[in-house]
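Here's protein-v6.cif, which has mmCIF, C-alpha atoms and all ligand atoms:
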```
data_structure
#
loop_
_atom_site.label_atom_id
_atom_site.label_comp_id
_atom_site.auth_asym_id
_atom_site.auth_seq_id
_atom_site.Cartn_x
_atom_site.Cartn_y
_atom_site.Cartn_z
CA MET V 4 12.82 -3.61 3.41
CA PRO V 5 13.67 -6.61 5.57
CA ALA V 6 10.90 -8.00 7.78
CA ASP V 7 11.30 -7.65 11.52
CA PRO V 8 12.46 -11.14 12.65
CA ALA V 9 10.40 -10.89 15.83
CA ASP V 10 7.35 -10.15 13.75
CA ALA V 11 8.15 -13.06 11.41
CA ARG V 12 8.42 -15.38 14.42
CA ARG V 13 5.13 -14.11 15.72
CA ARG V 14 3.53 -14.74 12.35
CA ALA V 15 5.15 -18.15 12.17
CA GLY V 16 3.29 -19.16 15.27
CA SER V 17 5.88 -19.20 18.08
CA VAL V 18 3.81 -16.50 19.77
CA PRO V 19 0.02 -16.91 20.03
CA VAL V 20 -1.86 -15.05 17.32
CA GLU V 21 -4.69 -12.68 18.12
CA PRO V 22 -8.28 -13.85 17.76
CA VAL V 23 -9.89 -13.45 14.38
CA GLU V 24 -11.67 -10.15 13.98
CA PRO V 25 -14.83 -9.86 11.92
CA VAL V 26 -14.30 -9.42 8.19
CA VAL V 27 -14.21 -5.72 7.40
CA GLN V 28 -17.05 -4.57 5.20
CA VAL V 29 -16.22 -2.14 2.44
CA ALA V 30 -17.74 1.22 3.30
CA ARG V 31 -19.63 2.96 0.52
CA PRO V 32 -19.40 6.61 1.51
CA ASP V 33 -20.27 7.88 -1.95
CA ALA V 34 -23.53 6.01 -2.06
CA ALA V 35 -25.03 7.65 1.00
CA PRO V 36 -25.62 11.36 0.34
CA THR V 37 -28.99 12.22 -1.11
CA GLY V 38 -29.77 15.74 -2.30
CA GLY V 39 -27.61 18.78 -1.69
CA ALA V 40 -23.83 18.79 -1.71
CA ALA V 41 -22.12 15.53 -0.80
CA ARG V 42 -20.30 15.83 2.51
CA THR V 43 -18.20 12.74 2.04
CA GLY V 44 -16.01 11.29 -0.67
CA ALA V 45 -14.14 13.16 -3.36
CA ALA V 46 -16.88 15.74 -3.99
CA ALA V 47 -16.48 17.14 -0.49
CA LEU V 48 -12.96 18.31 -1.31
CA ALA V 49 -14.34 21.02 -3.60
CA GLY V 50 -14.42 23.70 -0.91
CA VAL V 51 -11.23 22.71 0.89
CA GLU V 52 -8.46 25.28 0.98
CA ALA V 53 -5.18 24.35 -0.74
CA ARG V 54 -2.59 24.54 2.05
CA PRO V 55 -0.38 22.02 3.87
CA GLY V 56 -2.11 20.26 6.77
CA VAL V 57 -5.58 21.55 5.90
CA PRO V 58 -8.46 19.72 7.64
CA LYS V 59 -10.74 17.60 5.44
CA PRO V 60 -14.51 17.19 5.82
CA ASP V 61 -14.34 13.44 6.47
CA PRO V 62 -10.77 12.22 7.07
CA VAL V 63 -10.20 8.46 7.26
CA LEU V 64 -6.51 8.85 8.11
CA VAL V 65 -5.09 11.56 10.37
CA ALA V 66 -1.38 11.90 11.16
CA ASP V 67 0.24 14.24 13.68
CA GLY V 68 3.86 15.07 14.40
CA VAL V 69 5.32 12.02 12.67
CA LEU V 70 9.12 12.16 12.75
CA ARG V 71 11.56 9.58 11.42
CA ARG V 72 15.31 10.11 11.49
CA PHE V 73 17.97 7.91 9.95
CA GLY V 74 21.11 8.95 11.80
CA GLY V 75 21.40 12.67 11.17
CA LEU V 76 18.93 12.65 8.29
CA VAL V 77 15.32 13.68 8.90
CA ALA V 78 13.52 11.43 6.41
CA VAL V 79 9.96 12.28 7.52
CA GLU V 80 8.65 15.21 9.51
CA VAL V 81 4.92 15.45 8.90
CA GLU V 82 3.21 17.95 11.19
CA HIS V 83 -0.37 17.24 10.20
CA LEU V 84 -2.03 15.35 7.38
CA GLU V 85 -5.63 14.33 6.80
CA VAL V 86 -6.66 11.98 4.01
CA GLN V 87 -10.23 12.35 2.79
CA ARG V 88 -12.37 9.22 2.89
CA GLY V 89 -13.60 7.93 -0.47
CA ALA V 90 -11.16 10.06 -2.48
CA ILE V 91 -8.01 9.32 -4.48
CA THR V 92 -5.09 11.25 -2.98
CA ALA V 93 -1.68 11.38 -4.69
CA LEU V 94 1.48 11.79 -2.63
CA ILE V 95 4.16 13.26 -4.87
CA GLY V 96 7.64 14.67 -4.38
CA PRO V 97 11.20 14.31 -5.60
CA ASN V 98 13.31 11.20 -5.02
CA GLY V 99 14.26 10.88 -1.37
CA ALA V 100 11.41 13.17 -0.20
CA GLY V 101 10.32 10.57 2.35
CA LYS V 102 7.20 9.21 0.65
CA THR V 103 8.03 5.51 1.02
CA THR V 104 9.32 6.02 4.55
CA PHE V 105 6.03 7.73 5.44
CA PHE V 106 4.10 4.77 3.97
CA ASN V 107 6.28 2.36 5.96
CA LEU V 108 5.55 4.25 9.19
CA LEU V 109 1.79 4.52 8.64
CA THR V 110 1.46 0.83 7.84
CA GLY V 111 3.59 -0.47 10.70
CA PHE V 112 6.58 -1.62 8.61
CA ASP V 113 8.79 0.94 10.36
CA ARG V 114 8.62 2.87 13.63
CA PRO V 115 8.86 6.64 13.96
CA ASP V 116 10.94 8.54 16.52
CA ARG V 117 7.70 10.20 17.52
CA GLY V 118 4.21 10.91 16.25
CA ARG V 119 0.73 9.48 16.20
CA TRP V 120 -1.81 8.66 13.57
CA SER V 121 -5.21 7.11 13.43
CA PHE V 122 -7.26 5.21 10.91
CA ASP V 123 -11.01 5.60 11.15
CA GLY V 124 -10.56 7.07 14.61
CA ARG V 125 -8.46 4.15 15.91
CA ASN V 126 -4.92 4.81 17.02
CA LEU V 127 -2.43 2.98 14.81
CA ALA V 128 0.90 4.13 16.23
CA GLY V 129 2.85 1.06 17.36
CA VAL V 130 0.45 -1.38 15.72
CA PRO V 131 2.36 -4.05 13.72
CA ALA V 132 1.87 -4.31 9.95
CA HIS V 133 -0.27 -7.46 9.89
CA ARG V 134 -2.73 -5.96 12.36
CA VAL V 135 -2.86 -2.70 10.42
CA ALA V 136 -3.87 -4.73 7.34
CA ARG V 137 -6.54 -6.56 9.30
CA GLN V 138 -8.05 -3.25 10.35
CA GLY V 139 -8.60 -2.43 6.70
CA MET V 140 -5.54 -0.42 5.70
CA VAL V 141 -3.24 -2.15 3.19
CA ARG V 142 -0.33 -1.09 1.05
CA THR V 143 1.69 -2.28 -1.91
CA PHE V 144 5.43 -1.82 -2.32
CA GLN V 145 7.56 0.31 -4.64
CA LEU V 146 9.55 -2.83 -5.45
CA THR V 147 7.00 -5.54 -5.94
CA LYS V 148 6.88 -8.16 -3.23
CA ALA V 149 5.09 -10.87 -5.13
CA LEU V 150 7.02 -13.97 -4.17
CA SER V 151 8.32 -15.38 -7.43
CA ARG V 152 8.64 -19.02 -6.34
CA MET V 153 5.01 -19.13 -5.28
CA THR V 154 2.15 -19.42 -7.69
CA VAL V 155 -0.21 -16.55 -8.33
CA MET V 156 -2.88 -18.33 -6.28
CA GLU V 157 -0.50 -18.92 -3.35
CA ASN V 158 0.33 -15.22 -3.35
CA MET V 159 -3.38 -14.47 -3.10
CA ARG V 160 -3.75 -16.89 -0.18
CA LEU V 161 -0.98 -15.05 1.63
CA GLY V 162 -3.06 -11.91 1.22
CA ALA V 163 -6.00 -13.61 2.88
CA ALA V 164 -3.96 -14.94 5.80
CA GLY V 165 -3.97 -11.61 7.62
CA GLN V 166 -7.71 -11.38 7.29
CA ARG V 167 -8.23 -14.62 9.16
CA GLY V 168 -5.94 -13.43 11.91
CA GLU V 169 -3.95 -16.57 11.23
CA ASN V 170 -0.35 -17.42 11.01
CA PHE V 171 0.88 -15.88 7.78
CA PHE V 172 2.97 -18.81 6.60
CA ARG V 173 0.51 -21.50 7.54
CA ALA V 174 -1.64 -20.25 4.65
CA LEU V 175 0.82 -21.94 2.31
CA LEU V 176 0.90 -25.31 3.94
CA PRO V 177 -1.44 -27.94 2.56
CA GLY V 178 -3.87 -29.26 5.13
CA THR V 179 -4.00 -26.21 7.34
CA TRP V 180 -5.42 -24.15 4.52
CA ARG V 181 -7.76 -26.85 3.26
CA GLY V 182 -11.19 -26.74 4.82
CA GLN V 183 -11.06 -22.99 5.38
CA GLN V 184 -10.32 -21.87 1.89
CA GLY V 185 -13.90 -21.83 0.55
CA GLY V 186 -14.80 -18.15 0.50
CA PHE V 187 -11.23 -16.96 0.23
CA ASP V 188 -10.43 -18.96 -2.89
CA GLU V 189 -13.60 -17.70 -4.51
CA ARG V 190 -12.64 -14.15 -3.67
CA ALA V 191 -9.10 -14.76 -4.98
CA VAL V 192 -10.41 -16.13 -8.28
CA SER V 193 -12.84 -13.28 -8.75
CA LEU V 194 -10.10 -10.71 -8.04
CA LEU V 195 -7.72 -12.48 -10.43
CA ARG V 196 -10.44 -12.38 -13.06
CA ARG V 197 -10.92 -8.67 -12.47
CA PHE V 198 -7.18 -8.10 -13.01
CA ARG V 199 -7.07 -10.54 -15.95
CA LEU V 200 -4.71 -12.86 -14.13
CA ASP V 201 -7.09 -15.81 -13.73
CA GLU V 202 -5.40 -17.80 -16.48
CA LYS V 203 -2.11 -17.38 -14.64
CA ARG V 204 -3.37 -18.69 -11.31
CA ASP V 205 -1.11 -21.75 -11.29
CA ASP V 206 1.92 -20.01 -12.81
CA PHE V 207 4.80 -18.93 -10.63
CA ALA V 208 4.66 -15.22 -9.88
CA GLY V 209 8.25 -15.00 -11.14
CA SER V 210 7.03 -15.77 -14.66
CA LEU V 211 4.77 -12.69 -14.77
CA SER V 212 5.78 -9.41 -16.38
CA GLY V 213 6.57 -6.41 -14.15
CA GLY V 214 3.15 -4.94 -14.83
CA GLN V 215 1.35 -8.20 -14.10
CA ARG V 216 3.20 -8.46 -10.82
CA LYS V 217 2.01 -4.96 -9.91
CA LEU V 218 -1.52 -6.11 -10.67
CA LEU V 219 -1.00 -9.26 -8.60
CA GLU V 220 0.18 -7.15 -5.70
CA MET V 221 -2.89 -4.97 -5.94
CA ALA V 222 -5.16 -8.01 -6.19
CA ARG V 223 -3.46 -9.58 -3.19
CA ALA V 224 -3.88 -6.41 -1.13
CA LEU V 225 -7.62 -6.51 -1.88
CA MET V 226 -7.94 -9.96 -0.31
CA VAL V 227 -8.38 -8.28 3.08
CA GLU V 228 -11.31 -6.16 1.83
CA PRO V 229 -9.53 -2.92 2.77
CA ARG V 230 -11.10 0.48 3.27
CA LEU V 231 -7.85 2.31 2.59
CA VAL V 232 -5.47 1.14 -0.14
CA MET V 233 -1.99 2.65 -0.26
CA LEU V 234 -0.07 2.14 -3.50
CA ASP V 235 3.65 2.95 -3.72
CA GLU V 236 4.43 3.73 -7.37
CA PRO V 237 1.84 1.47 -9.00
CA MET V 238 3.02 2.51 -12.47
CA ALA V 239 6.75 1.91 -12.00
CA GLY V 240 7.94 -0.79 -14.39
CA VAL V 241 4.52 -1.16 -15.97
CA ASN V 242 4.37 -1.64 -19.72
CA PRO V 243 2.40 1.21 -21.39
CA ALA V 244 -0.04 -1.41 -22.71
CA LEU V 245 -1.13 -2.09 -19.12
CA THR V 246 -1.16 1.55 -18.00
CA GLN V 247 -4.75 2.34 -18.91
CA SER V 248 -6.08 -0.80 -17.29
CA LEU V 249 -4.13 -0.03 -14.13
CA LEU V 250 -5.57 3.49 -14.03
CA GLY V 251 -9.03 1.99 -14.47
CA HIS V 252 -8.44 -0.41 -11.59
CA VAL V 253 -7.44 2.41 -9.26
CA LYS V 254 -10.53 4.42 -10.19
CA ASP V 255 -12.63 1.29 -9.61
CA LEU V 256 -11.35 1.11 -6.03
CA ARG V 257 -12.84 4.55 -5.41
CA GLU V 258 -16.10 3.58 -7.13
CA GLN V 259 -16.31 0.66 -4.73
CA GLY V 260 -16.09 3.06 -1.80
CA MET V 261 -12.42 2.62 -0.92
CA THR V 262 -10.01 5.43 -0.15
CA VAL V 263 -6.81 5.42 -2.20
CA LEU V 264 -3.50 7.05 -1.26
CA PHE V 265 -0.81 6.55 -3.88
CA VAL V 266 2.77 7.62 -4.49
CA GLU V 267 3.60 8.26 -8.11
CA HIS V 268 6.18 10.03 -10.26
CA ASP V 269 4.07 9.74 -13.42
CA MET V 270 2.44 13.17 -13.52
CA ASP V 271 -0.03 12.16 -16.22
CA MET V 272 -1.40 9.51 -13.91
CA VAL V 273 -1.52 11.97 -11.01
CA ARG V 274 -3.40 14.53 -13.11
CA ASP V 275 -5.72 11.91 -14.55
CA ILE V 276 -6.97 10.14 -11.44
CA SER V 277 -6.33 12.23 -8.30
CA ASP V 278 -8.96 14.17 -6.43
CA TRP V 279 -6.30 15.70 -4.23
CA VAL V 280 -2.51 16.02 -4.35
CA VAL V 281 -0.11 16.21 -1.40
CA VAL V 282 3.48 17.28 -2.07
CA MET V 283 6.38 16.15 0.10
CA ALA V 284 9.92 17.52 -0.01
CA GLN V 285 12.70 16.76 2.44
CA GLY V 286 10.33 14.89 4.70
CA ARG V 287 7.77 17.68 5.03
CA ILE V 288 4.44 18.37 3.41
CA VAL V 289 5.04 21.51 1.39
CA ALA V 290 1.82 21.79 -0.61
CA GLU V 291 -1.67 20.28 -0.85
CA GLY V 292 -4.62 20.89 -3.10
CA PRO V 293 -6.55 19.85 -6.20
CA PRO V 294 -4.27 18.53 -8.98
CA GLU V 295 -4.77 21.52 -11.28
CA THR V 296 -3.81 23.97 -8.51
CA VAL V 297 -0.87 22.06 -7.06
CA MET V 298 0.66 21.08 -10.37
CA ALA V 299 0.60 24.68 -11.58
CA ASP V 300 2.42 25.85 -8.42
CA PRO V 301 5.89 27.15 -9.39
CA ALA V 302 7.42 25.84 -6.14
CA VAL V 303 6.18 22.32 -6.95
CA ILE V 304 7.42 22.52 -10.54
CA ASP V 305 10.83 23.74 -9.26
CA ALA V 306 11.08 20.90 -6.77
CA TYR V 307 10.51 18.46 -9.61
CA LEU V 308 12.72 20.08 -12.20
CA GLY V 309 15.43 20.51 -9.60
CA SER V 310 15.84 17.03 -8.34
CA HIS V 311 13.40 14.59 -9.84
CA HIS V 312 14.31 11.69 -12.04
CA ASP V 313 12.20 8.64 -12.60
CA ALA V 314 13.42 5.71 -10.58
CA PRO V 315 12.84 2.61 -12.72
CA LEU V 316 12.74 -0.77 -11.05
CA ASP V 317 16.26 -1.97 -10.49
CA LEU V 318 16.09 -5.61 -11.48
CA ALA V 319 19.15 -6.69 -9.47
CA GLU V 320 17.79 -4.98 -6.37
CA GLU V 321 14.39 -6.54 -6.86
CA GLN V 322 15.87 -10.01 -7.33
CA ALA V 323 17.92 -9.64 -4.15
CA GLN V 324 14.84 -8.59 -2.22
CA LEU V 325 12.78 -11.50 -3.50
CA GLN V 326 15.56 -13.96 -2.73
CA ALA V 327 15.79 -12.64 0.82
CA ALA V 328 12.03 -12.99 1.29
CA GLU V 329 12.07 -16.53 -0.09
CA ALA V 330 15.05 -17.54 2.03
CA GLU V 331 13.18 -16.31 5.08
CA LEU V 332 10.12 -18.27 4.07
CA ASP V 333 12.19 -21.43 3.45
CA SER V 334 13.90 -21.22 6.81
CA LEU V 335 10.58 -20.75 8.57
CA ALA V 336 9.10 -23.72 6.73
CA GLN V 337 12.14 -25.80 7.69
CA ALA V 338 11.90 -24.71 11.29
CA ARG V 339 8.39 -26.04 11.31
CA GLY V 340 9.60 -29.31 9.82
CA THR V 341 7.47 -28.79 6.79
CA GLU V 342 8.25 -29.15 3.11
CA ARG V 343 7.15 -26.51 0.68
CA GLY V 344 6.74 -27.41 -3.02
CA GLN V 345 9.61 -26.08 -5.12
CA PRO V 346 9.48 -25.29 -8.82
N1 LIG V 401 16.48 2.32 5.99
C1 LIG V 401 17.05 3.51 5.74
N2 LIG V 401 18.23 3.85 6.30
C2 LIG V 401 18.79 5.06 6.06
N3 LIG V 401 18.25 6.00 5.28
C3 LIG V 401 17.08 5.72 4.68
C4 LIG V 401 16.41 4.47 4.88
N4 LIG V 401 15.26 4.47 4.17
C5 LIG V 401 15.21 5.67 3.56
N5 LIG V 401 16.29 6.42 3.85
C6 LIG V 401 16.56 7.79 3.41
O1 LIG V 401 15.42 8.58 3.75
C7 LIG V 401 15.11 9.50 2.72
C8 LIG V 401 13.70 9.27 2.24
O2 LIG V 401 13.68 8.07 1.48
P1 LIG V 401 12.34 7.49 0.84
O3 LIG V 401 12.69 6.18 0.26
O4 LIG V 401 11.26 7.54 1.84
O5 LIG V 401 12.05 8.55 -0.31
P2 LIG V 401 10.96 8.52 -1.46
O6 LIG V 401 10.25 9.82 -1.41
O7 LIG V 401 10.14 7.29 -1.38
O8 LIG V 401 11.88 8.47 -2.77
P3 LIG V 401 11.63 7.78 -4.20
O9 LIG V 401 10.74 8.71 -4.96
O10 LIG V 401 13.01 7.73 -4.82
O11 LIG V 401 11.07 6.43 -3.98
C9 LIG V 401 16.19 9.32 1.65
O12 LIG V 401 17.20 10.26 1.89
C10 LIG V 401 16.67 7.92 1.89
O13 LIG V 401 18.01 7.75 1.47
MG MG V 402 9.80 5.69 -2.63
#
```

For this file, produce the structure as structure tokens.
Amino acid sequence: MPADPADARRRAGSVPVEPVEPVVQVARPDAAPTGGAARTGAAALAGVEARPGVPKPDPVLVADGVLRRFGGLVAVEVEHLEVQRGAITALIGPNGAGKTTFFNLLTGFDRPDRGRWSFDGRNLAGVPAHRVARQGMVRTFQLTKALSRMTVMENMRLGAAGQRGENFFRALLPGTWRGQQGGFDERAVSLLRRFRLDEKRDDFAGSLSGGQRKLLEMARALMVEPRLVMLDEPMAGVNPALTQSLLGHVKDLREQGMTVLFVEHDMDMVRDISDWVVVMAQGRIVAEGPPETVMADPAVIDAYLGSHHDAPLDLAEEQAQLQAAEAELDSLAQARGTERGQP
């Protein structure tokens, strides 16, 4: 979706940026419990009742009364949702159920008609996207947003920009980045190595395969050391050869103490890696529970058989989106009287 021009201007530096906040440490909720039943993380979901809006033992994200209308269409109407810390939660539902819109609202890329939500006890309603990321909650996009005319490494630096509380675009300009890049470049390289993209660091993102771009997007999101990672269809457009490694990467996030909330149509992936499944239909949460319970629910199966089809990446749409993002970047660079290297 198009960036808010006011937000882009703010990021471009025409409005003062907020002071840098301390780097967020990755919480390790699973490491803490000793003896007895774990009260945090995925294990704590064992005793939780399977019904929409059910409270969780240790929610990291809590949403209440979130409503988003597009004209006469109610795209999202979530009464109550809690996401358990340290667990992998899948958000599933037929095409048009409101999953992406809900992600956009929670992460500050769109504004609801009403509603509130909090992350780690801090109100997030009305907080712009770049500040949401800096607080430790990041997301990836259904259509990948890796900027094709930037190198892999430049994409990673963009991911770090939010963490420094700095002007987003300045991260790309030589000179301003130099001198501060030390720790961030090391982190970028180690993440690229983890995702087997280190040999591609100087290649343009546009030369990567669809699956590699998904990995790059995930790697870039991790530059801010998030506590909650939200993935919108991480498997869409991914070559089956990369599927297993992507699944492994998502599980790794949980092992490292992060919470994962992901949207996915691939039911094998949902069954394989989720601790909990939330089902949306027509904007509402209609079911919640462990994967084996939810995916055996006739109402859920009906919702899928009735109206679901896989939505593969539309290449033309993706190209148009990338071109728009790059045009925006170019015009901002020009406005600042700065030249950006072109391929
Ligand atoms: N910017 C917009 N303007 C108007 N309607 C929109 C907009 N964005 C989404 N919608 C509508 O809101 C509804 C929810 O869309 P959304 O993209 O959130 O669904 P989704 O669950 O992510 O679907 P999919 O599985 O196909 O990605 C759909 O009916 C969609 O057409
Ligand atoms: Mg979607």

Of the residues V:Met270, V:Ala100, V:Ile288, V:Met283, which is the one nearest to ligand MG 402 (chain V), using only C-alpha atoms and all ligand atoms?
-> V:Ala100

Contact table chain V vs ligand MG 402 (chain V), cut-off 8 Å, shortest pair per residue, only C-alpha atoms and all ligand atoms, as a tab-separated table:
```
residue	atom	partner	partner_atom	distance
V:Asn98	CA	V:MG402	MG	7.0
V:Gly99	CA	V:MG402	MG	7.0
V:Gly101	CA	V:MG402	MG	7.0
V:Lys102	CA	V:MG402	MG	5.5
V:Thr103	CA	V:MG402	MG	4.1
V:Thr104	CA	V:MG402	MG	7.2
V:Gln145	CA	V:MG402	MG	6.2
V:Asp235	CA	V:MG402	MG	6.8
V:Glu236	CA	V:MG402	MG	7.4
V:Val266	CA	V:MG402	MG	7.5
```

Expected selection as a PyMOL selection string for ligand LIG 401 (chain V) within 10 Å, all atoms listed in the file | chain V and resi 4-5+71-79+94-108+113+145-146+235-236+266-268+283-286+311-315

Can I get the selected residues back with C-alpha atoms, as a PDB file, keeping the file's coordinate frame?
```
ATOM      1  CA  MET V   4      12.820  -3.610   3.410  1.00  0.00           C
ATOM      2  CA  PRO V   5      13.670  -6.610   5.570  1.00  0.00           C
ATOM      3  CA  ARG V  71      11.560   9.580  11.420  1.00  0.00           C
ATOM      4  CA  ARG V  72      15.310  10.110  11.490  1.00  0.00           C
ATOM      5  CA  PHE V  73      17.970   7.910   9.950  1.00  0.00           C
ATOM      6  CA  GLY V  74      21.110   8.950  11.800  1.00  0.00           C
ATOM      7  CA  GLY V  75      21.400  12.670  11.170  1.00  0.00           C
ATOM      8  CA  LEU V  76      18.930  12.650   8.290  1.00  0.00           C
ATOM      9  CA  VAL V  77      15.320  13.680   8.900  1.00  0.00           C
ATOM     10  CA  ALA V  78      13.520  11.430   6.410  1.00  0.00           C
ATOM     11  CA  VAL V  79       9.960  12.280   7.520  1.00  0.00           C
ATOM     12  CA  LEU V  94       1.480  11.790  -2.630  1.00  0.00           C
ATOM     13  CA  ILE V  95       4.160  13.260  -4.870  1.00  0.00           C
ATOM     14  CA  GLY V  96       7.640  14.670  -4.380  1.00  0.00           C
ATOM     15  CA  PRO V  97      11.200  14.310  -5.600  1.00  0.00           C
ATOM     16  CA  ASN V  98      13.310  11.200  -5.020  1.00  0.00           C
ATOM     17  CA  GLY V  99      14.260  10.880  -1.370  1.00  0.00           C
ATOM     18  CA  ALA V 100      11.410  13.170  -0.200  1.00  0.00           C
ATOM     19  CA  GLY V 101      10.320  10.570   2.350  1.00  0.00           C
ATOM     20  CA  LYS V 102       7.200   9.210   0.650  1.00  0.00           C
ATOM     21  CA  THR V 103       8.030   5.510   1.020  1.00  0.00           C
ATOM     22  CA  THR V 104       9.320   6.020   4.550  1.00  0.00           C
ATOM     23  CA  PHE V 105       6.030   7.730   5.440  1.00  0.00           C
ATOM     24  CA  PHE V 106       4.100   4.770   3.970  1.00  0.00           C
ATOM     25  CA  ASN V 107       6.280   2.360   5.960  1.00  0.00           C
ATOM     26  CA  LEU V 108       5.550   4.250   9.190  1.00  0.00           C
ATOM     27  CA  ASP V 113       8.790   0.940  10.360  1.00  0.00           C
ATOM     28  CA  GLN V 145       7.560   0.310  -4.640  1.00  0.00           C
ATOM     29  CA  LEU V 146       9.550  -2.830  -5.450  1.00  0.00           C
ATOM     30  CA  ASP V 235       3.650   2.950  -3.720  1.00  0.00           C
ATOM     31  CA  GLU V 236       4.430   3.730  -7.370  1.00  0.00           C
ATOM     32  CA  VAL V 266       2.770   7.620  -4.490  1.00  0.00           C
ATOM     33  CA  GLU V 267       3.600   8.260  -8.110  1.00  0.00           C
ATOM     34  CA  HIS V 268       6.180  10.030 -10.260  1.00  0.00           C
ATOM     35  CA  MET V 283       6.380  16.150   0.100  1.00  0.00           C
ATOM     36  CA  ALA V 284       9.920  17.520  -0.010  1.00  0.00           C
ATOM     37  CA  GLN V 285      12.700  16.760   2.440  1.00  0.00           C
ATOM     38  CA  GLY V 286      10.330  14.890   4.700  1.00  0.00           C
ATOM     39  CA  HIS V 311      13.400  14.590  -9.840  1.00  0.00           C
ATOM     40  CA  HIS V 312      14.310  11.690 -12.040  1.00  0.00           C
ATOM     41  CA  ASP V 313      12.200   8.640 -12.600  1.00  0.00           C
ATOM     42  CA  ALA V 314      13.420   5.710 -10.580  1.00  0.00           C
ATOM     43  CA  PRO V 315      12.840   2.610 -12.720  1.00  0.00           C
TER      44      PRO V 315
END
```

Measuring atom to atom with all atoms listed in the file, identify which of V:Phe207, V:Phe112, V:Phe187, V:Phe122 is nearest to Leu150 (chain V).
->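 Going through V:Phe207, V:Phe112, V:Phe187, V:Phe122 one by one, the smallest distance to Leu150 (chain V) is for V:Phe207.
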
For the atom pair CA of Pro60 (chain V) and CA of Leu109 (chain V), what is the interatomic distance in Å to one decimal place?
->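 That distance, rounded to one decimal, is 20.8 Å.
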
One decimal, Å: what's the distance from CA of Val281 (chain V) over to CA of Leu225 (chain V), could you say?
->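 A separation of 23.9 Å between them.
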
Let me have the centre and edge lengths of the axis-aligned box enclosing all listed atoms of region 258-261 of chain V with 5 Å padding on every side, in Å to one decimal, as JSON.
```
{"center_x": -14.4, "center_y": 2.1, "center_z": -4.0, "size_x": 13.9, "size_y": 12.9, "size_z": 16.2}
```

Nearby residues (only C-alpha atoms) at most 8 Å from Gly56 (chain V), same-chain spacing under 4 positions excluded, as a list in words |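 So the residues in contact are Glu82, His83, Leu84, Glu85, Ile288 and Glu291 of chain V.
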
How many Å separate CA of Arg119 (chain V) from CA of Gln138 (chain V)?
->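 Rounded to one decimal, the two atoms are 16.5 Å apart.
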
Proximity to Leu234 (chain V) - best of V:Trp279, V:Trp120, V:Phe144, V:Phe198, all atoms listed in the file =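 Closest to Leu234 (chain V), using all atoms listed in the file: V:Phe144.
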
Of the residues V:Arg152, V:Arg160, V:Arg230, V:His252, which is the one nearest to Ser210 (chain V), using all atoms listed in the file?
->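 Closest residue, counting all atoms listed in the file: V:Arg152.
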
Taking only C-alpha atoms into account, which of V:Asp278, V:Asp116, V:Glu157, V:Glu228 comes nearest Lys203 (chain V)?
->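 Once distances to Lys203 (chain V) are computed over only C-alpha atoms, the minimum belongs to V:Glu157.
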
May I ask which of the residues V:Ala222, V:Val232, V:Ala53, V:Ala244 is the closest one to Val289 (chain V), counting all atoms listed in the file?
->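 Of all the options, V:Ala53 lies closest to Val289 (chain V).
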
Could you give me, as number ranges by chain, the residues within 7 Å of Val155 (chain V), counting all atoms listed in the file and dropping anything in the same chain fewer than 2 positions from it?
-> V: 153, 157-159, 203-208

Pro237 (chain V) environment, 10 Å, only C-alpha atoms, sequence neighbours closer than 6 positions dropped, as an MDAnalysis selection string | chainID V and resid 143:147 214 217:218 220:221 246 249:250 253 265:269 272

Kindly reconstruct region 75-84 of chain V with N, CA and C atoms and present the result as a PDB file, in the frame of the given file.
```pdb
ATOM      1  N   GLY V  75      21.600  11.220  11.148  1.00  0.00           N
ATOM      2  CA  GLY V  75      21.400  12.670  11.170  1.00  0.00           C
ATOM      3  C   GLY V  75      20.366  13.154  10.161  1.00  0.00           C
ATOM      4  N   LEU V  76      19.850  12.240   9.347  1.00  0.00           N
ATOM      5  CA  LEU V  76      18.930  12.650   8.290  1.00  0.00           C
ATOM      6  C   LEU V  76      17.473  12.592   8.760  1.00  0.00           C
ATOM      7  N   VAL V  77      16.752  13.704   8.591  1.00  0.00           N
ATOM      8  CA  VAL V  77      15.320  13.680   8.900  1.00  0.00           C
ATOM      9  C   VAL V  77      14.598  13.239   7.634  1.00  0.00           C
ATOM     10  N   ALA V  78      14.157  11.980   7.612  1.00  0.00           N
ATOM     11  CA  ALA V  78      13.520  11.430   6.410  1.00  0.00           C
ATOM     12  C   ALA V  78      12.057  11.837   6.324  1.00  0.00           C
ATOM     13  N   VAL V  79      11.378  11.895   7.477  1.00  0.00           N
ATOM     14  CA  VAL V  79       9.960  12.280   7.520  1.00  0.00           C
ATOM     15  C   VAL V  79       9.726  13.199   8.709  1.00  0.00           C
ATOM     16  N   GLU V  80       9.064  14.316   8.433  1.00  0.00           N
ATOM     17  CA  GLU V  80       8.650  15.210   9.510  1.00  0.00           C
ATOM     18  C   GLU V  80       7.306  15.815   9.106  1.00  0.00           C
ATOM     19  N   VAL V  81       6.263  15.032   9.318  1.00  0.00           N
ATOM     20  CA  VAL V  81       4.920  15.450   8.900  1.00  0.00           C
ATOM     21  C   VAL V  81       4.186  16.015  10.116  1.00  0.00           C
ATOM     22  N   GLU V  82       3.893  17.301  10.061  1.00  0.00           N
ATOM     23  CA  GLU V  82       3.210  17.950  11.190  1.00  0.00           C
ATOM     24  C   GLU V  82       1.756  17.515  11.294  1.00  0.00           C
ATOM     25  N   HIS V  83       1.044  17.621  10.181  1.00  0.00           N
ATOM     26  CA  HIS V  83      -0.370  17.240  10.200  1.00  0.00           C
ATOM     27  C   HIS V  83      -0.810  16.875   8.792  1.00  0.00           C
ATOM     28  N   LEU V  84      -1.472  15.732   8.687  1.00  0.00           N
ATOM     29  CA  LEU V  84      -2.030  15.350   7.380  1.00  0.00           C
ATOM     30  C   LEU V  84      -3.352  14.631   7.594  1.00  0.00           C
TER      31      LEU V  84
END
```
